[in-house]
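Shown below: upload10.cif, with mmCIF, C-alpha atoms and all ligand atoms; chains and numbers go by the auth columns.
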```
data_target
loop_
_atom_site.group_PDB
_atom_site.id
_atom_site.type_symbol
_atom_site.label_atom_id
_atom_site.label_comp_id
_atom_site.label_asym_id
_atom_site.label_seq_id
_atom_site.Cartn_x
_atom_site.Cartn_y
_atom_site.Cartn_z
_atom_site.B_iso_or_equiv
_atom_site.auth_seq_id
_atom_site.auth_asym_id
ATOM 1 C CA MET A 1 132.345 101.419 106.598 0.00 600 A
ATOM 2 C CA LYS A 2 134.063 98.052 107.002 0.00 601 A
ATOM 3 C CA CYS A 3 135.461 95.988 104.139 0.00 602 A
ATOM 4 C CA PRO A 4 133.113 93.037 103.438 0.00 603 A
ATOM 5 C CA LYS A 5 136.066 90.718 102.838 0.00 604 A
ATOM 6 C CA CYS A 6 138.796 91.446 105.359 0.00 605 A
ATOM 7 C CA LEU A 7 136.779 93.686 107.730 0.00 606 A
ATOM 8 C CA ALA A 8 139.375 96.457 107.751 0.00 607 A
ATOM 9 C CA GLU A 9 138.279 100.082 107.614 0.00 608 A
ATOM 10 C CA MET A 10 137.440 101.498 104.173 0.00 609 A
ATOM 11 C CA GLU A 11 138.421 105.016 103.119 0.00 610 A
ATOM 12 C CA LYS A 12 136.783 107.370 100.629 0.00 611 A
ATOM 13 C CA VAL A 13 138.760 108.019 97.495 0.00 612 A
ATOM 14 C CA ALA A 14 137.567 110.540 94.955 0.00 613 A
ATOM 15 C CA TYR A 15 138.100 110.367 91.257 0.00 614 A
ATOM 16 C CA GLY A 16 136.693 113.536 89.757 0.00 615 A
ATOM 17 C CA GLU A 17 133.023 113.651 90.693 0.00 616 A
ATOM 18 C CA ILE A 18 132.904 110.053 91.796 0.00 617 A
ATOM 19 C CA LYS A 19 133.704 108.896 95.300 0.00 618 A
ATOM 20 C CA VAL A 20 134.333 105.247 95.934 0.00 619 A
ATOM 21 C CA ASP A 21 135.381 103.355 99.049 0.00 620 A
ATOM 22 C CA ARG A 22 138.683 101.544 99.119 0.00 621 A
ATOM 23 C CA CYS A 23 139.773 99.080 101.775 0.00 622 A
ATOM 24 C CA THR A 24 142.840 100.250 103.710 0.00 623 A
ATOM 25 C CA ASP A 25 144.075 96.673 103.969 0.00 624 A
ATOM 26 C CA CYS A 26 143.158 94.389 101.042 0.00 625 A
ATOM 27 C CA ARG A 27 142.535 97.433 98.770 0.00 626 A
ATOM 28 C CA GLY A 28 139.262 96.057 97.491 0.00 627 A
ATOM 29 C CA LEU A 29 136.919 98.668 96.007 0.00 628 A
ATOM 30 C CA TRP A 30 133.287 99.361 96.847 0.00 629 A
ATOM 31 C CA PHE A 31 131.104 101.136 94.312 0.00 630 A
ATOM 32 C CA ASP A 32 127.630 102.457 95.004 0.00 631 A
ATOM 33 C CA MET A 33 124.947 101.822 92.392 0.00 632 A
ATOM 34 C CA LEU A 34 126.378 102.188 88.855 0.00 633 A
ATOM 35 C CA GLU A 35 129.510 104.009 90.027 0.00 634 A
ATOM 36 C CA HIS A 36 131.723 101.317 88.525 0.00 635 A
ATOM 37 C CA GLU A 37 130.031 101.896 85.173 0.00 636 A
ATOM 38 C CA HIS A 38 130.495 105.665 85.404 0.00 637 A
ATOM 39 C CA LEU A 39 134.085 105.321 86.478 0.00 638 A
ATOM 40 C CA LYS A 40 134.837 102.798 83.754 0.00 639 A
ATOM 41 C CA ALA A 41 133.946 105.438 81.183 0.00 640 A
ATOM 42 C CA ILE A 42 136.524 107.894 82.544 0.00 641 A
ATOM 43 C CA GLU A 43 140.049 107.831 81.193 0.00 642 A
ATOM 44 C CA ASP A 44 142.797 106.705 83.596 0.00 643 A
ATOM 45 C CA SER A 45 140.285 105.961 86.357 0.00 644 A
ATOM 46 C CA GLU A 46 141.934 102.563 86.865 0.00 645 A
ATOM 47 C CA SER A 47 144.562 104.447 88.894 0.00 646 A
ATOM 48 C CA ILE A 48 142.260 104.169 91.927 0.00 647 A
ATOM 49 C CA ASP A 49 142.829 100.413 91.879 0.00 648 A
ATOM 50 C CA ILE A 50 146.176 100.470 93.667 0.00 649 A
ATOM 51 C CA GLY A 51 145.978 97.033 95.259 0.00 650 A
ATOM 52 C CA ASP A 52 148.078 93.968 94.590 0.00 651 A
ATOM 53 C CA PRO A 53 146.164 91.684 92.178 0.00 652 A
ATOM 54 C CA GLU A 54 147.701 88.657 93.923 0.00 653 A
ATOM 55 C CA ILE A 55 146.046 89.683 97.188 0.00 654 A
ATOM 56 C CA GLY A 56 142.867 90.433 95.258 0.00 655 A
ATOM 57 C CA LYS A 57 142.880 86.909 93.852 0.00 656 A
ATOM 58 C CA ARG A 58 143.109 85.481 97.342 0.00 657 A
ATOM 59 C CA PHE A 59 140.096 87.503 98.478 0.00 658 A
ATOM 60 C CA ASP A 60 138.227 86.715 95.262 0.00 659 A
ATOM 61 C CA LYS A 61 137.683 83.199 96.635 0.00 660 A
ATOM 62 C CA LEU A 62 135.714 84.643 99.518 0.00 661 A
ATOM 63 C CA ARG A 63 132.172 84.705 98.170 0.00 662 A
ATOM 64 C CA ALA A 64 129.478 84.676 100.809 0.00 663 A
ATOM 65 C CA VAL A 65 130.012 88.171 102.147 0.00 664 A
ATOM 66 C CA ASP A 66 127.583 90.773 103.447 0.00 665 A
ATOM 67 C CA CYS A 67 126.990 94.143 101.831 0.00 666 A
ATOM 68 C CA PRO A 68 128.991 96.749 103.798 0.00 667 A
ATOM 69 C CA HIS A 69 126.136 99.196 103.278 0.00 668 A
ATOM 70 C CA CYS A 70 122.972 97.334 104.158 0.00 669 A
ATOM 71 C CA GLN A 71 124.287 93.975 105.472 0.00 670 A
ATOM 72 C CA THR A 72 122.417 91.913 102.866 0.00 671 A
ATOM 73 C CA LYS A 73 124.138 88.744 101.599 0.00 672 A
ATOM 74 C CA MET A 74 125.704 89.667 98.300 0.00 673 A
ATOM 75 C CA ILE A 75 125.583 87.512 95.201 0.00 674 A
ATOM 76 C CA PRO A 76 128.514 86.678 92.918 0.00 675 A
ATOM 77 C CA MET A 77 128.229 88.266 89.497 0.00 676 A
ATOM 78 C CA VAL A 78 130.209 87.591 86.370 0.00 677 A
ATOM 79 C CA ASP A 79 131.015 90.359 83.946 0.00 678 A
ATOM 80 C CA LEU A 80 129.323 89.506 80.640 0.00 679 A
ATOM 81 C CA GLN A 81 132.125 90.856 78.491 0.00 680 A
ATOM 82 C CA GLN A 82 134.890 89.374 80.602 0.00 681 A
ATOM 83 C CA PRO A 83 133.539 86.258 82.334 0.00 682 A
ATOM 84 C CA HIS A 84 136.794 85.648 84.235 0.00 683 A
ATOM 85 C CA ILE A 85 135.963 88.675 86.378 0.00 684 A
ATOM 86 C CA CYS A 86 133.746 87.779 89.282 0.00 685 A
ATOM 87 C CA TYR A 87 132.567 90.485 91.635 0.00 686 A
ATOM 88 C CA GLU A 88 129.989 90.651 94.413 0.00 687 A
ATOM 89 C CA ALA A 89 126.766 92.596 94.044 0.00 688 A
ATOM 90 C CA CYS A 90 124.083 93.644 96.513 0.00 689 A
ATOM 91 C CA THR A 91 120.536 93.051 95.304 0.00 690 A
ATOM 92 C CA VAL A 92 119.125 95.630 97.708 0.00 691 A
ATOM 93 C CA CYS A 93 121.279 98.760 97.353 0.00 692 A
ATOM 94 C CA TYR A 94 122.947 97.676 94.055 0.00 693 A
ATOM 95 C CA GLY A 95 126.464 98.316 95.304 0.00 694 A
ATOM 96 C CA VAL A 96 129.289 96.155 93.983 0.00 695 A
ATOM 97 C CA PHE A 97 132.611 95.012 95.400 0.00 696 A
ATOM 98 C CA PHE A 98 135.716 94.486 93.268 0.00 697 A
ATOM 99 C CA ASP A 99 138.781 92.800 94.705 0.00 698 A
ATOM 100 C CA ALA A 100 142.156 94.487 94.265 0.00 699 A
ATOM 101 C CA GLY A 101 143.182 94.457 90.617 0.00 700 A
ATOM 102 C CA GLU A 102 139.722 93.540 89.355 0.00 701 A
ATOM 103 C CA PHE A 103 138.650 97.031 88.417 0.00 702 A
ATOM 104 C CA LYS A 104 141.792 97.517 86.374 0.00 703 A
ATOM 105 C CA ASP A 105 141.081 94.243 84.638 0.00 704 A
ATOM 106 C CA TYR A 106 137.411 95.212 84.168 0.00 705 A
ATOM 107 C CA LYS A 107 138.454 98.419 82.449 0.00 706 A
ATOM 108 C CA GLU A 108 140.884 96.884 80.042 0.00 707 A
ATOM 109 C CA ILE A 109 139.958 94.178 77.652 0.00 708 A
ATOM 110 C CA THR A 110 143.234 92.697 76.524 0.00 709 A
ATOM 111 C CA ILE A 111 144.145 89.850 74.242 0.00 710 A
ATOM 112 C CA THR A 112 145.056 87.663 77.239 0.00 711 A
ATOM 113 C CA ASP A 113 141.583 88.330 78.637 0.00 712 A
ATOM 114 C CA PHE A 114 140.127 87.077 75.408 0.00 713 A
ATOM 115 C CA PHE A 115 141.926 83.751 75.791 0.00 714 A
ATOM 116 C CA LYS A 116 141.182 83.521 79.501 0.00 715 A
ATOM 117 C CA ASP A 117 137.489 83.876 78.704 0.00 716 A
ATOM 118 C CA LEU A 118 137.669 81.356 75.947 0.00 717 A
ATOM 119 C CA LEU A 119 139.043 78.877 78.464 0.00 718 A
ATOM 120 C CA ALA A 120 136.460 79.914 81.076 0.00 719 A
ATOM 121 C CA LYS A 121 133.665 79.226 78.592 0.00 720 A
ATOM 122 C CA ARG A 122 135.062 75.838 77.701 0.00 721 A
ATOM 123 C CA ARG A 123 135.095 74.789 81.346 0.00 722 A
ATOM 124 C CA LYS A 124 131.313 75.205 81.624 0.00 723 A
HETATM 125 ZN ZN ZN B . 139.566 94.538 102.731 0.00 1 B
HETATM 126 ZN ZN ZN B . 123.498 96.627 100.024 0.00 2 B
#
```

Since I need it in another form, could you write the structure as structure tokens?
Ligand SMILES: [Zn+2]
Ligand SMILES: [Zn+2]
Amino acid sequence: MKCPKCLAEMEKVAYGEIKVDRCTDCRGLWFDMLEHEHLKAIEDSESIDIGDPEIGKRFDKLRAVDCPHCQTKMIPMVDLQQPHICYEACTVCYGVFFDAGEFKDYKEITITDFFKDLLAKRRK
């Protein structure tokens, strides 16, 4: 499978029962349907997100990408609890793509996140 953002090869990484795909270059993460939800519930699972958040931020700007699974155009989604996190979702196979650092951020709701979201809401 090729990374939808930088087109490098993706490798399988297992965390317990769950296998996700991680890009060998930009370190973005691909989750099949609901895997990100399952993984979020597991303690220390953020350790699979080894990428540099600065690189992740650069790739976060790339929006109109195709699903690496079924080649459908993915749509940008905003996490309801943490609206500063924007990931891509496939409406056909329900897979989602998180840029490097985003899964870690998704897992942890910190006080800085609270303020970031407050600012994000104000901008609307
Ligand atoms: Zn990549
Ligand atoms: Zn798909």

Original post:
For A:Phe713, which residue among A:Phe697, A:Gln681, A:Ile617, A:Cys689 is the nearest when counting only C-alpha atoms?
Top reply: A:Gln681

**OP:** Using only C-alpha atoms and all ligand atoms, find each residue with an atom at most 12 Å away from ligand ZN 1 (chain B) and format the answer as a ChimeraX atom specification.
**Re:** /A:600-610,620-629,650-651,654-655,657-659,661,664,667,696-699

**OP:** In Å, rounded to a single decimal, give me how far atom CA of A:Ile649 is from atom CA of A:Arg662.
**Re:**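 These two atoms are separated by 21.6 Å.
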
Subject >> Distance filter 7 Å around ligand ZN 2 (chain B), atoms: only C-alpha atoms and all ligand atoms, out as a ChimeraX atom specification >> reply: /A:666-671,689-694

Subject >> Atom-to-atom span, atom CA of A:Gly700 and atom CA of A:Asp678, Å >> reply: 14.5 Å

**OP:** In Å, rounded to a single decimal, give me how far atom CA of A:Met676 is from atom CA of A:Ala688.
**Re:** 6.4 Å

Subject >> Distance criterion (only C-alpha atoms): nearest to A:Leu679 out of A:Lys618, A:Lys720, A:Lys660, A:Lys611 >> reply: A:Lys720

Original post:
Where does the PyMOL selection byres (((chain A and resi 682) around 12) and not hetatm) land in this file, that is, which residues does it pick, as a ChimeraX atom specification?
Top reply: /A:675-681,683-686,701,704-705,708,712-723

Original post:
How would you write, as a list in words, the residues chosen by the PyMOL selection byres (((chain A and resi 633-641) around 8) and not hetatm) on this structure?
Top reply: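 Against this file, the PyMOL selection byres (((chain A and resi 633-641) around 8) and not hetatm) returns the residues Ile617, Val619, Phe630, Asp631, Met632, Glu642, Asp643, Ser644, Glu645, Tyr693, Gly694, Val695 and Lys706 of chain A.
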
To test the calculation: enclose all listed atoms of stretch 605-618 of chain A in a box whose edges run along x, y and z, add 4 Å on each side, then state centre and edge lengths in Å to one decimal, as lines of an AutoDock Vina configuration file.
```
center_x = 136.1
center_y = 102.5
center_z = 98.8
size_x = 14.5
size_y = 30.2
size_z = 26.0
```
